[in-house]
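File shown here: upload.cif, holding mmCIF, N, CA and C atoms.
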```
data_start
#
loop_
_atom_site.label_atom_id
_atom_site.label_comp_id
_atom_site.auth_asym_id
_atom_site.auth_seq_id
_atom_site.Cartn_x
_atom_site.Cartn_y
_atom_site.Cartn_z
N MET A 19 -23.85 -3.43 4.13
CA MET A 19 -22.40 -3.33 4.19
C MET A 19 -22.01 -2.60 5.48
N ASN A 20 -20.90 -3.01 6.04
CA ASN A 20 -20.39 -2.37 7.25
C ASN A 20 -19.94 -0.95 6.95
N ASN A 21 -19.96 -0.13 7.96
CA ASN A 21 -19.52 1.24 7.83
C ASN A 21 -18.00 1.27 7.72
N VAL A 22 -17.48 1.87 6.65
CA VAL A 22 -16.04 1.95 6.42
C VAL A 22 -15.60 3.40 6.60
N THR A 23 -14.56 3.60 7.40
CA THR A 23 -13.98 4.92 7.63
C THR A 23 -12.58 4.93 7.04
N TRP A 24 -12.27 5.95 6.24
CA TRP A 24 -10.94 6.09 5.63
C TRP A 24 -10.11 7.06 6.46
N LYS A 25 -8.83 6.71 6.64
CA LYS A 25 -7.93 7.56 7.42
C LYS A 25 -6.61 7.73 6.69
N ILE A 26 -6.02 8.92 6.83
CA ILE A 26 -4.68 9.22 6.31
C ILE A 26 -3.92 9.89 7.43
N LYS A 27 -2.76 9.32 7.80
CA LYS A 27 -1.98 9.89 8.89
C LYS A 27 -0.48 9.76 8.63
N ASN A 28 0.25 10.77 9.10
CA ASN A 28 1.70 10.67 9.19
C ASN A 28 2.04 9.67 10.29
N PHE A 29 3.24 9.15 10.24
CA PHE A 29 3.69 8.20 11.24
C PHE A 29 3.55 8.77 12.66
N GLU A 30 3.96 10.03 12.82
CA GLU A 30 3.94 10.67 14.14
C GLU A 30 2.53 10.80 14.70
N ASP A 31 1.53 10.82 13.82
CA ASP A 31 0.15 10.98 14.25
C ASP A 31 -0.57 9.67 14.53
N LEU A 32 0.08 8.54 14.20
CA LEU A 32 -0.53 7.24 14.47
C LEU A 32 -0.54 6.97 15.97
N SER A 33 -1.63 6.44 16.47
CA SER A 33 -1.64 6.00 17.86
C SER A 33 -0.91 4.66 17.93
N ILE A 34 -0.53 4.26 19.11
CA ILE A 34 0.13 2.96 19.28
C ILE A 34 -0.80 1.85 18.80
N LYS A 35 -2.08 1.97 19.11
CA LYS A 35 -3.06 0.97 18.70
C LYS A 35 -3.19 0.90 17.17
N GLU A 36 -3.21 2.06 16.51
CA GLU A 36 -3.29 2.09 15.05
C GLU A 36 -2.05 1.45 14.42
N LEU A 37 -0.87 1.81 14.93
CA LEU A 37 0.37 1.23 14.41
C LEU A 37 0.37 -0.28 14.59
N TYR A 38 -0.08 -0.75 15.73
CA TYR A 38 -0.14 -2.19 15.97
C TYR A 38 -1.07 -2.87 14.95
N LYS A 39 -2.24 -2.28 14.72
CA LYS A 39 -3.20 -2.85 13.75
C LYS A 39 -2.60 -2.89 12.34
N ILE A 40 -1.88 -1.82 11.96
CA ILE A 40 -1.24 -1.76 10.64
C ILE A 40 -0.20 -2.88 10.51
N LEU A 41 0.68 -2.98 11.49
CA LEU A 41 1.73 -4.00 11.42
C LEU A 41 1.13 -5.40 11.44
N LYS A 42 0.07 -5.58 12.21
CA LYS A 42 -0.58 -6.89 12.31
C LYS A 42 -1.18 -7.30 10.96
N VAL A 43 -1.94 -6.42 10.31
CA VAL A 43 -2.57 -6.79 9.05
C VAL A 43 -1.53 -6.96 7.95
N ARG A 44 -0.47 -6.18 7.97
CA ARG A 44 0.59 -6.36 6.97
C ARG A 44 1.25 -7.73 7.14
N GLN A 45 1.48 -8.13 8.37
CA GLN A 45 2.07 -9.46 8.61
C GLN A 45 1.10 -10.57 8.21
N GLU A 46 -0.19 -10.39 8.52
CA GLU A 46 -1.18 -11.41 8.15
C GLU A 46 -1.21 -11.64 6.64
N VAL A 47 -1.18 -10.54 5.87
CA VAL A 47 -1.29 -10.66 4.42
C VAL A 47 0.04 -11.03 3.76
N PHE A 48 1.09 -10.25 4.03
CA PHE A 48 2.33 -10.44 3.30
C PHE A 48 3.20 -11.58 3.81
N ILE A 49 3.19 -11.82 5.10
CA ILE A 49 4.07 -12.86 5.64
C ILE A 49 3.34 -14.19 5.80
N VAL A 50 2.16 -14.18 6.43
CA VAL A 50 1.45 -15.43 6.68
C VAL A 50 0.72 -15.92 5.42
N GLU A 51 -0.19 -15.09 4.87
CA GLU A 51 -0.98 -15.52 3.71
C GLU A 51 -0.10 -15.81 2.49
N GLN A 52 0.86 -14.91 2.21
CA GLN A 52 1.69 -15.08 1.02
C GLN A 52 2.97 -15.89 1.31
N THR A 53 3.08 -16.39 2.52
CA THR A 53 4.27 -17.15 2.97
C THR A 53 5.56 -16.53 2.44
N CYS A 54 5.71 -15.26 2.75
CA CYS A 54 6.85 -14.49 2.29
C CYS A 54 7.58 -13.95 3.52
N TYR A 55 8.74 -14.50 3.79
CA TYR A 55 9.45 -14.14 5.02
C TYR A 55 10.43 -13.01 4.75
N TYR A 56 10.12 -11.86 5.28
CA TYR A 56 10.95 -10.67 5.12
C TYR A 56 10.70 -9.74 6.29
N LEU A 57 11.55 -8.75 6.44
CA LEU A 57 11.40 -7.78 7.53
C LEU A 57 10.40 -6.71 7.09
N ASP A 58 9.19 -6.79 7.59
CA ASP A 58 8.15 -5.83 7.22
C ASP A 58 8.45 -4.44 7.78
N ALA A 59 8.92 -4.37 9.01
CA ALA A 59 9.28 -3.08 9.62
C ALA A 59 10.64 -2.69 9.04
N ASP A 60 10.60 -2.07 7.85
CA ASP A 60 11.78 -1.87 7.02
C ASP A 60 12.50 -0.54 7.21
N GLY A 61 12.09 0.23 8.20
CA GLY A 61 12.74 1.51 8.44
C GLY A 61 12.17 2.66 7.62
N TYR A 62 11.10 2.42 6.88
CA TYR A 62 10.49 3.47 6.06
C TYR A 62 9.15 3.97 6.58
N ASP A 63 8.56 3.28 7.53
CA ASP A 63 7.23 3.69 8.00
C ASP A 63 7.20 5.12 8.53
N ASP A 64 8.29 5.56 9.14
CA ASP A 64 8.30 6.92 9.69
C ASP A 64 8.41 7.99 8.61
N LYS A 65 8.67 7.59 7.37
CA LYS A 65 8.77 8.53 6.25
C LYS A 65 7.51 8.52 5.38
N ALA A 66 6.52 7.70 5.75
CA ALA A 66 5.34 7.47 4.91
C ALA A 66 4.10 8.17 5.43
N LEU A 67 3.16 8.37 4.51
CA LEU A 67 1.79 8.68 4.87
C LEU A 67 1.06 7.35 4.82
N HIS A 68 0.31 7.04 5.85
CA HIS A 68 -0.39 5.77 5.97
C HIS A 68 -1.86 6.00 5.67
N ILE A 69 -2.41 5.17 4.78
CA ILE A 69 -3.81 5.31 4.35
C ILE A 69 -4.49 3.98 4.60
N TRP A 70 -5.66 4.04 5.26
CA TRP A 70 -6.37 2.78 5.49
C TRP A 70 -7.86 2.98 5.66
N ALA A 71 -8.56 1.88 5.41
CA ALA A 71 -10.00 1.79 5.65
C ALA A 71 -10.18 0.97 6.90
N GLU A 72 -11.04 1.44 7.78
CA GLU A 72 -11.30 0.73 9.03
C GLU A 72 -12.78 0.40 9.13
N THR A 73 -13.06 -0.80 9.56
CA THR A 73 -14.44 -1.22 9.81
C THR A 73 -14.43 -2.26 10.92
N ASN A 74 -15.41 -2.24 11.75
CA ASN A 74 -15.50 -3.18 12.88
C ASN A 74 -14.24 -3.18 13.75
N GLY A 75 -13.57 -2.02 13.84
CA GLY A 75 -12.35 -1.93 14.64
C GLY A 75 -11.14 -2.59 14.02
N GLU A 76 -11.26 -3.01 12.76
CA GLU A 76 -10.14 -3.67 12.07
C GLU A 76 -9.76 -2.88 10.82
N ILE A 77 -8.52 -3.07 10.38
CA ILE A 77 -8.09 -2.48 9.13
C ILE A 77 -8.57 -3.38 8.00
N ALA A 78 -9.34 -2.80 7.08
CA ALA A 78 -9.90 -3.56 5.96
C ALA A 78 -9.03 -3.44 4.71
N ALA A 79 -8.37 -2.30 4.52
CA ALA A 79 -7.47 -2.07 3.39
C ALA A 79 -6.41 -1.08 3.86
N TYR A 80 -5.23 -1.14 3.23
CA TYR A 80 -4.12 -0.31 3.70
C TYR A 80 -3.10 -0.11 2.58
N CYS A 81 -2.43 1.03 2.61
CA CYS A 81 -1.21 1.25 1.84
C CYS A 81 -0.44 2.39 2.49
N ARG A 82 0.79 2.55 2.04
CA ARG A 82 1.56 3.70 2.49
C ARG A 82 2.11 4.39 1.25
N ILE A 83 2.23 5.72 1.33
CA ILE A 83 2.75 6.49 0.20
C ILE A 83 3.96 7.30 0.66
N PHE A 84 4.83 7.57 -0.31
CA PHE A 84 6.08 8.29 -0.04
C PHE A 84 6.23 9.46 -1.00
N SER A 85 6.84 10.52 -0.51
CA SER A 85 7.14 11.66 -1.37
C SER A 85 8.31 11.31 -2.30
N GLN A 86 8.56 12.19 -3.24
CA GLN A 86 9.63 12.01 -4.19
C GLN A 86 10.97 11.84 -3.46
N GLY A 87 11.82 10.96 -4.00
CA GLY A 87 13.17 10.82 -3.50
C GLY A 87 13.35 9.89 -2.31
N ILE A 88 12.30 9.28 -1.81
CA ILE A 88 12.46 8.37 -0.67
C ILE A 88 12.70 6.95 -1.15
N LYS A 89 11.79 6.41 -1.94
CA LYS A 89 11.96 5.07 -2.49
C LYS A 89 12.41 5.13 -3.95
N TYR A 90 11.90 6.11 -4.68
CA TYR A 90 12.20 6.33 -6.10
C TYR A 90 12.31 7.84 -6.32
N PRO A 91 12.79 8.26 -7.50
CA PRO A 91 12.78 9.70 -7.79
C PRO A 91 11.37 10.28 -7.75
N GLU A 92 10.37 9.45 -8.15
CA GLU A 92 8.96 9.87 -8.11
C GLU A 92 8.36 9.50 -6.75
N THR A 93 7.13 9.92 -6.54
CA THR A 93 6.40 9.43 -5.37
C THR A 93 6.18 7.94 -5.54
N SER A 94 5.77 7.27 -4.47
CA SER A 94 5.51 5.83 -4.60
C SER A 94 4.42 5.38 -3.64
N ILE A 95 3.84 4.24 -4.00
CA ILE A 95 2.83 3.59 -3.18
C ILE A 95 3.34 2.20 -2.88
N GLY A 96 3.18 1.76 -1.64
CA GLY A 96 3.63 0.42 -1.28
C GLY A 96 2.78 -0.20 -0.20
N ARG A 97 3.08 -1.47 0.08
CA ARG A 97 2.39 -2.26 1.10
C ARG A 97 0.87 -2.22 0.89
N VAL A 98 0.46 -2.29 -0.37
CA VAL A 98 -0.97 -2.25 -0.71
C VAL A 98 -1.60 -3.59 -0.35
N LEU A 99 -2.68 -3.54 0.42
CA LEU A 99 -3.33 -4.79 0.81
C LEU A 99 -4.80 -4.58 1.10
N THR A 100 -5.52 -5.68 1.00
CA THR A 100 -6.89 -5.76 1.51
C THR A 100 -6.94 -6.94 2.46
N ASN A 101 -7.43 -6.71 3.65
CA ASN A 101 -7.60 -7.76 4.65
C ASN A 101 -8.48 -8.86 4.06
N THR A 102 -8.09 -10.11 4.25
CA THR A 102 -8.85 -11.23 3.66
C THR A 102 -10.32 -11.21 4.04
N LYS A 103 -10.65 -10.76 5.25
CA LYS A 103 -12.05 -10.72 5.70
C LYS A 103 -12.90 -9.74 4.91
N TYR A 104 -12.26 -8.75 4.26
CA TYR A 104 -13.00 -7.66 3.64
C TYR A 104 -12.80 -7.57 2.13
N ARG A 105 -12.27 -8.60 1.52
CA ARG A 105 -12.03 -8.55 0.07
C ARG A 105 -13.32 -8.49 -0.72
N ASN A 106 -14.40 -8.93 -0.15
CA ASN A 106 -15.70 -8.87 -0.85
C ASN A 106 -16.22 -7.43 -0.97
N LEU A 107 -15.62 -6.49 -0.25
CA LEU A 107 -16.08 -5.10 -0.30
C LEU A 107 -15.48 -4.31 -1.45
N LYS A 108 -14.51 -4.90 -2.17
CA LYS A 108 -13.88 -4.25 -3.34
C LYS A 108 -13.27 -2.90 -2.97
N LEU A 109 -12.49 -2.88 -1.89
CA LEU A 109 -11.89 -1.64 -1.40
C LEU A 109 -10.60 -1.25 -2.12
N GLY A 110 -10.01 -2.16 -2.87
CA GLY A 110 -8.72 -1.90 -3.52
C GLY A 110 -8.74 -0.71 -4.45
N LYS A 111 -9.77 -0.60 -5.28
CA LYS A 111 -9.86 0.52 -6.22
C LYS A 111 -10.01 1.84 -5.48
N THR A 112 -10.83 1.84 -4.45
CA THR A 112 -11.00 3.07 -3.66
C THR A 112 -9.69 3.44 -2.98
N LEU A 113 -8.99 2.45 -2.45
CA LEU A 113 -7.70 2.69 -1.79
C LEU A 113 -6.71 3.35 -2.74
N ILE A 114 -6.56 2.81 -3.94
CA ILE A 114 -5.59 3.38 -4.89
C ILE A 114 -6.03 4.77 -5.33
N ASN A 115 -7.32 4.98 -5.55
CA ASN A 115 -7.81 6.32 -5.89
C ASN A 115 -7.50 7.33 -4.80
N ILE A 116 -7.71 6.94 -3.54
CA ILE A 116 -7.40 7.84 -2.42
C ILE A 116 -5.90 8.09 -2.35
N ALA A 117 -5.09 7.05 -2.56
CA ALA A 117 -3.63 7.21 -2.52
C ALA A 117 -3.16 8.18 -3.61
N LEU A 118 -3.70 8.04 -4.82
CA LEU A 118 -3.31 8.94 -5.91
C LEU A 118 -3.77 10.37 -5.66
N GLN A 119 -4.96 10.53 -5.08
CA GLN A 119 -5.43 11.87 -4.71
C GLN A 119 -4.53 12.48 -3.63
N ALA A 120 -4.14 11.65 -2.65
CA ALA A 120 -3.26 12.13 -1.58
C ALA A 120 -1.89 12.53 -2.12
N ILE A 121 -1.39 11.78 -3.09
CA ILE A 121 -0.11 12.14 -3.73
C ILE A 121 -0.23 13.50 -4.39
N GLY A 122 -1.32 13.74 -5.10
CA GLY A 122 -1.54 15.03 -5.72
C GLY A 122 -1.65 16.16 -4.71
N THR A 123 -2.38 15.91 -3.64
CA THR A 123 -2.60 16.93 -2.60
C THR A 123 -1.35 17.20 -1.78
N HIS A 124 -0.71 16.15 -1.28
CA HIS A 124 0.42 16.31 -0.36
C HIS A 124 1.75 16.56 -1.07
N PHE A 125 1.94 15.95 -2.25
CA PHE A 125 3.24 16.01 -2.92
C PHE A 125 3.20 16.77 -4.24
N LYS A 126 2.02 17.29 -4.60
CA LYS A 126 1.84 18.16 -5.78
C LYS A 126 2.34 17.55 -7.09
N THR A 127 2.05 16.27 -7.31
CA THR A 127 2.44 15.60 -8.54
C THR A 127 1.47 14.46 -8.83
N SER A 128 1.49 14.00 -10.06
CA SER A 128 0.74 12.79 -10.41
C SER A 128 1.71 11.65 -10.72
N GLU A 129 3.01 11.96 -10.80
CA GLU A 129 4.01 10.93 -11.10
C GLU A 129 4.19 10.00 -9.92
N CYS A 130 4.21 8.71 -10.22
CA CYS A 130 4.29 7.71 -9.15
C CYS A 130 4.93 6.45 -9.71
N ARG A 131 5.76 5.80 -8.92
CA ARG A 131 6.39 4.53 -9.31
C ARG A 131 6.05 3.49 -8.25
N ILE A 132 5.76 2.28 -8.71
CA ILE A 132 5.42 1.19 -7.79
C ILE A 132 6.16 -0.08 -8.18
N SER A 133 6.25 -0.97 -7.23
CA SER A 133 6.75 -2.33 -7.45
C SER A 133 5.53 -3.23 -7.30
N ALA A 134 4.98 -3.66 -8.44
CA ALA A 134 3.71 -4.39 -8.45
C ALA A 134 3.92 -5.90 -8.53
N GLN A 135 3.18 -6.63 -7.71
CA GLN A 135 3.17 -8.08 -7.88
C GLN A 135 2.54 -8.35 -9.24
N ASP A 136 3.13 -9.28 -9.98
CA ASP A 136 2.72 -9.49 -11.37
C ASP A 136 1.24 -9.83 -11.55
N TYR A 137 0.64 -10.50 -10.60
CA TYR A 137 -0.78 -10.84 -10.78
C TYR A 137 -1.69 -9.61 -10.70
N LEU A 138 -1.13 -8.46 -10.31
CA LEU A 138 -1.92 -7.23 -10.21
C LEU A 138 -1.62 -6.22 -11.30
N LEU A 139 -0.89 -6.62 -12.35
CA LEU A 139 -0.50 -5.67 -13.39
C LEU A 139 -1.72 -5.02 -14.07
N GLU A 140 -2.72 -5.80 -14.40
CA GLU A 140 -3.92 -5.24 -15.05
C GLU A 140 -4.66 -4.28 -14.12
N PHE A 141 -4.69 -4.62 -12.84
CA PHE A 141 -5.32 -3.75 -11.85
C PHE A 141 -4.64 -2.37 -11.86
N TYR A 142 -3.31 -2.35 -11.80
CA TYR A 142 -2.59 -1.07 -11.79
C TYR A 142 -2.66 -0.35 -13.13
N LYS A 143 -2.71 -1.09 -14.23
CA LYS A 143 -2.86 -0.45 -15.54
C LYS A 143 -4.17 0.34 -15.60
N SER A 144 -5.19 -0.10 -14.88
CA SER A 144 -6.47 0.61 -14.88
C SER A 144 -6.37 1.99 -14.22
N PHE A 145 -5.24 2.25 -13.53
CA PHE A 145 -4.99 3.56 -12.92
C PHE A 145 -3.91 4.32 -13.69
N SER A 146 -3.67 3.92 -14.94
CA SER A 146 -2.69 4.55 -15.84
C SER A 146 -1.23 4.28 -15.47
N PHE A 147 -0.97 3.23 -14.71
CA PHE A 147 0.41 2.81 -14.49
C PHE A 147 0.85 2.03 -15.71
N GLU A 148 2.11 2.23 -16.13
CA GLU A 148 2.67 1.54 -17.28
C GLU A 148 3.85 0.67 -16.85
N ASP A 149 3.95 -0.47 -17.46
CA ASP A 149 5.05 -1.41 -17.23
C ASP A 149 6.34 -0.78 -17.74
N THR A 150 7.37 -0.69 -16.90
CA THR A 150 8.65 -0.12 -17.32
C THR A 150 9.53 -1.16 -18.01
N GLY A 151 9.12 -2.42 -17.95
CA GLY A 151 9.94 -3.49 -18.52
C GLY A 151 10.89 -4.09 -17.50
N LYS A 152 10.99 -3.47 -16.33
CA LYS A 152 11.88 -3.99 -15.28
C LYS A 152 11.12 -5.04 -14.48
N LYS A 153 11.52 -6.30 -14.64
CA LYS A 153 10.86 -7.42 -13.95
C LYS A 153 11.90 -8.09 -13.05
N TYR A 154 11.47 -8.54 -11.89
CA TYR A 154 12.40 -9.09 -10.91
C TYR A 154 11.64 -9.91 -9.87
N LEU A 155 12.39 -10.69 -9.14
CA LEU A 155 11.83 -11.40 -8.00
C LEU A 155 12.08 -10.56 -6.76
N GLU A 156 11.03 -10.31 -6.02
CA GLU A 156 11.16 -9.62 -4.73
C GLU A 156 10.57 -10.57 -3.71
N ASP A 157 11.41 -11.02 -2.79
CA ASP A 157 10.98 -12.00 -1.79
C ASP A 157 10.37 -13.23 -2.46
N ASP A 158 11.03 -13.70 -3.53
CA ASP A 158 10.65 -14.89 -4.30
C ASP A 158 9.30 -14.77 -5.00
N MET A 159 8.81 -13.55 -5.18
CA MET A 159 7.55 -13.33 -5.89
C MET A 159 7.82 -12.45 -7.10
N PRO A 160 7.26 -12.79 -8.29
CA PRO A 160 7.48 -11.96 -9.48
C PRO A 160 6.84 -10.58 -9.34
N HIS A 161 7.66 -9.58 -9.61
CA HIS A 161 7.24 -8.18 -9.55
C HIS A 161 7.62 -7.48 -10.84
N THR A 162 6.92 -6.38 -11.10
CA THR A 162 7.23 -5.50 -12.24
C THR A 162 7.20 -4.07 -11.73
N GLU A 163 8.20 -3.30 -12.13
CA GLU A 163 8.20 -1.88 -11.81
C GLU A 163 7.25 -1.18 -12.78
N MET A 164 6.39 -0.34 -12.23
CA MET A 164 5.41 0.39 -13.03
C MET A 164 5.50 1.87 -12.69
N VAL A 165 5.19 2.71 -13.68
CA VAL A 165 5.24 4.15 -13.47
C VAL A 165 3.98 4.80 -14.02
N ARG A 166 3.59 5.88 -13.37
CA ARG A 166 2.43 6.67 -13.79
C ARG A 166 2.90 8.10 -13.94
N LYS A 167 2.62 8.70 -15.08
CA LYS A 167 3.08 10.08 -15.37
C LYS A 167 2.02 11.09 -15.00
#
```

How does the structure come out when it is put into structure tokens?
Amino acid sequence: MNNVTWKIKNFEDLSIKELYKILKVRQEVFIVEQTCYYLDADGYDDKALHIWAETNGEIAAYCRIFSQGIKYPETSIGRVLTNTKYRNLKLGKTLINIALQAIGTHFKTSECRISAQDYLLEFYKSFSFEDTGKKYLEDDMPHTEMVRK
């Protein structure tokens, strides 16, 4: 297996090259692969902690986390992805575990709310997220709001 390095950085600490790689992989997965046309640079990146796995000079997995009161009253995790080239490495579980640990460390809470694509509901339930019953289309894709206490 390739050597994987995990990184957590504030927006201000990202290099231009790192920011470019983040935006590129998010566009590859969410816009091109999922054929979902939306503005990815949504004005929230500067308020997030960015977490990613890097291997071979590429981002293999990524998410961003927010403190309480930015996206929801609770902390939140968003833009969760695994680069198509690295899905065989099963990095998603490690990514979410690191994100939840970072929420505890940086924001001193375990409470978290997410907007989950419906095909990932069981995945998030394995991290103690619960379905709030709020279901909706986001960018023409079925989503469910989930919360973790």

Near-segment 45-50 of chain A list (8 Å; all atoms listed in the file; drop same-chain fewer than 4 positions) as a count of residues only: 11

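Minimum atom-to-atom distance to Asp149 of chain A, evaluated using all atoms listed in the file, belongs to A:Val165 out of A:Val165, A:Thr73, A:Asp136, A:Lys27.
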
Separation of atom CA of Lys126 of chain A from atom CA of Ser85 of chain A, in Å and rounded to one decimal: 9.5 Å

Using only C-alpha atoms: which of A:Leu109, A:Gln86, A:Ser33, A:Ala59 has the shortest distance to His124 of chain A: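 Ranked by minimum distance to His124 of chain A, first place goes to A:Gln86.
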
Atomic separation - atom CA of Ile95 of chain A relative to atom CA of Cys130 of chain A, Å: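 Answer for the atom CA of Cys130 of chain A to atom CA of Ile95 of chain A separation: 7.4 Å.
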
Residues flagged strand (DSSP E or B) by DSSP in chain A, as a PyMOL selection string: chain A and resi 23-28+67-73+76-84+93-100+130-135+148-156+159-166

Best match for closeness to Met164 of chain A among A:Thr112, A:Gln119, A:Ser94, A:Thr23, counting only C-alpha atoms: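 Looking at the shortest contact to Met164 of chain A, the residue is A:Ser94.
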
Point-to-point distance from atom C of Arg131 of chain A to atom CA of Ser144 of chain A, Å rounded to tenths: 14.5 Å

Picked residues, the PyMOL selection byres ((chain A and resi 70) around 8), expected as a PyMOL selection string: chain A and resi 22-27+67-69+71-73+77-82+113

For the selection you just gave me, I'd like the residues written to a file as a compact mmCIF listing (two decimals), keeping the file's coordinate frame, keeping N, CA and C atoms.
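What ended up in out_34.txt:
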```
# COMPACT_ATOMS: atom_id res chain seq x y z
N VAL A 22 -17.48 1.87 6.65
CA VAL A 22 -16.04 1.95 6.42
C VAL A 22 -15.60 3.40 6.60
N THR A 23 -14.56 3.60 7.40
CA THR A 23 -13.98 4.92 7.63
C THR A 23 -12.58 4.93 7.04
N TRP A 24 -12.27 5.95 6.24
CA TRP A 24 -10.94 6.09 5.63
C TRP A 24 -10.11 7.06 6.46
N LYS A 25 -8.83 6.71 6.64
CA LYS A 25 -7.93 7.56 7.42
C LYS A 25 -6.61 7.73 6.69
N ILE A 26 -6.02 8.92 6.83
CA ILE A 26 -4.68 9.22 6.31
C ILE A 26 -3.92 9.89 7.43
N LYS A 27 -2.76 9.32 7.80
CA LYS A 27 -1.98 9.89 8.89
C LYS A 27 -0.48 9.76 8.63
N LEU A 67 3.16 8.37 4.51
CA LEU A 67 1.79 8.68 4.87
C LEU A 67 1.06 7.35 4.82
N HIS A 68 0.31 7.04 5.85
CA HIS A 68 -0.39 5.77 5.97
C HIS A 68 -1.86 6.00 5.67
N ILE A 69 -2.41 5.17 4.78
CA ILE A 69 -3.81 5.31 4.35
C ILE A 69 -4.49 3.98 4.60
N ALA A 71 -8.56 1.88 5.41
CA ALA A 71 -10.00 1.79 5.65
C ALA A 71 -10.18 0.97 6.90
N GLU A 72 -11.04 1.44 7.78
CA GLU A 72 -11.30 0.73 9.03
C GLU A 72 -12.78 0.40 9.13
N THR A 73 -13.06 -0.80 9.56
CA THR A 73 -14.44 -1.22 9.81
C THR A 73 -14.43 -2.26 10.92
N ILE A 77 -8.52 -3.07 10.38
CA ILE A 77 -8.09 -2.48 9.13
C ILE A 77 -8.57 -3.38 8.00
N ALA A 78 -9.34 -2.80 7.08
CA ALA A 78 -9.90 -3.56 5.96
C ALA A 78 -9.03 -3.44 4.71
N ALA A 79 -8.37 -2.30 4.52
CA ALA A 79 -7.47 -2.07 3.39
C ALA A 79 -6.41 -1.08 3.86
N TYR A 80 -5.23 -1.14 3.23
CA TYR A 80 -4.12 -0.31 3.70
C TYR A 80 -3.10 -0.11 2.58
N CYS A 81 -2.43 1.03 2.61
CA CYS A 81 -1.21 1.25 1.84
C CYS A 81 -0.44 2.39 2.49
N ARG A 82 0.79 2.55 2.04
CA ARG A 82 1.56 3.70 2.49
C ARG A 82 2.11 4.39 1.25
N LEU A 113 -8.99 2.45 -2.45
CA LEU A 113 -7.70 2.69 -1.79
C LEU A 113 -6.71 3.35 -2.74
```

Pick from A:Ala120, A:Phe141, A:Glu76, A:Thr93, whichever lies nearest to Tyr38 of chain A using only C-alpha atoms: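 Checking each candidate against Tyr38 of chain A, we get A:Glu76 as the closest.
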
Nearby residues (all atoms listed in the file) at most 8 Å from Lys153 of chain A, same-chain spacing under 6 positions excluded, as a PyMOL selection string: chain A and resi 160-163
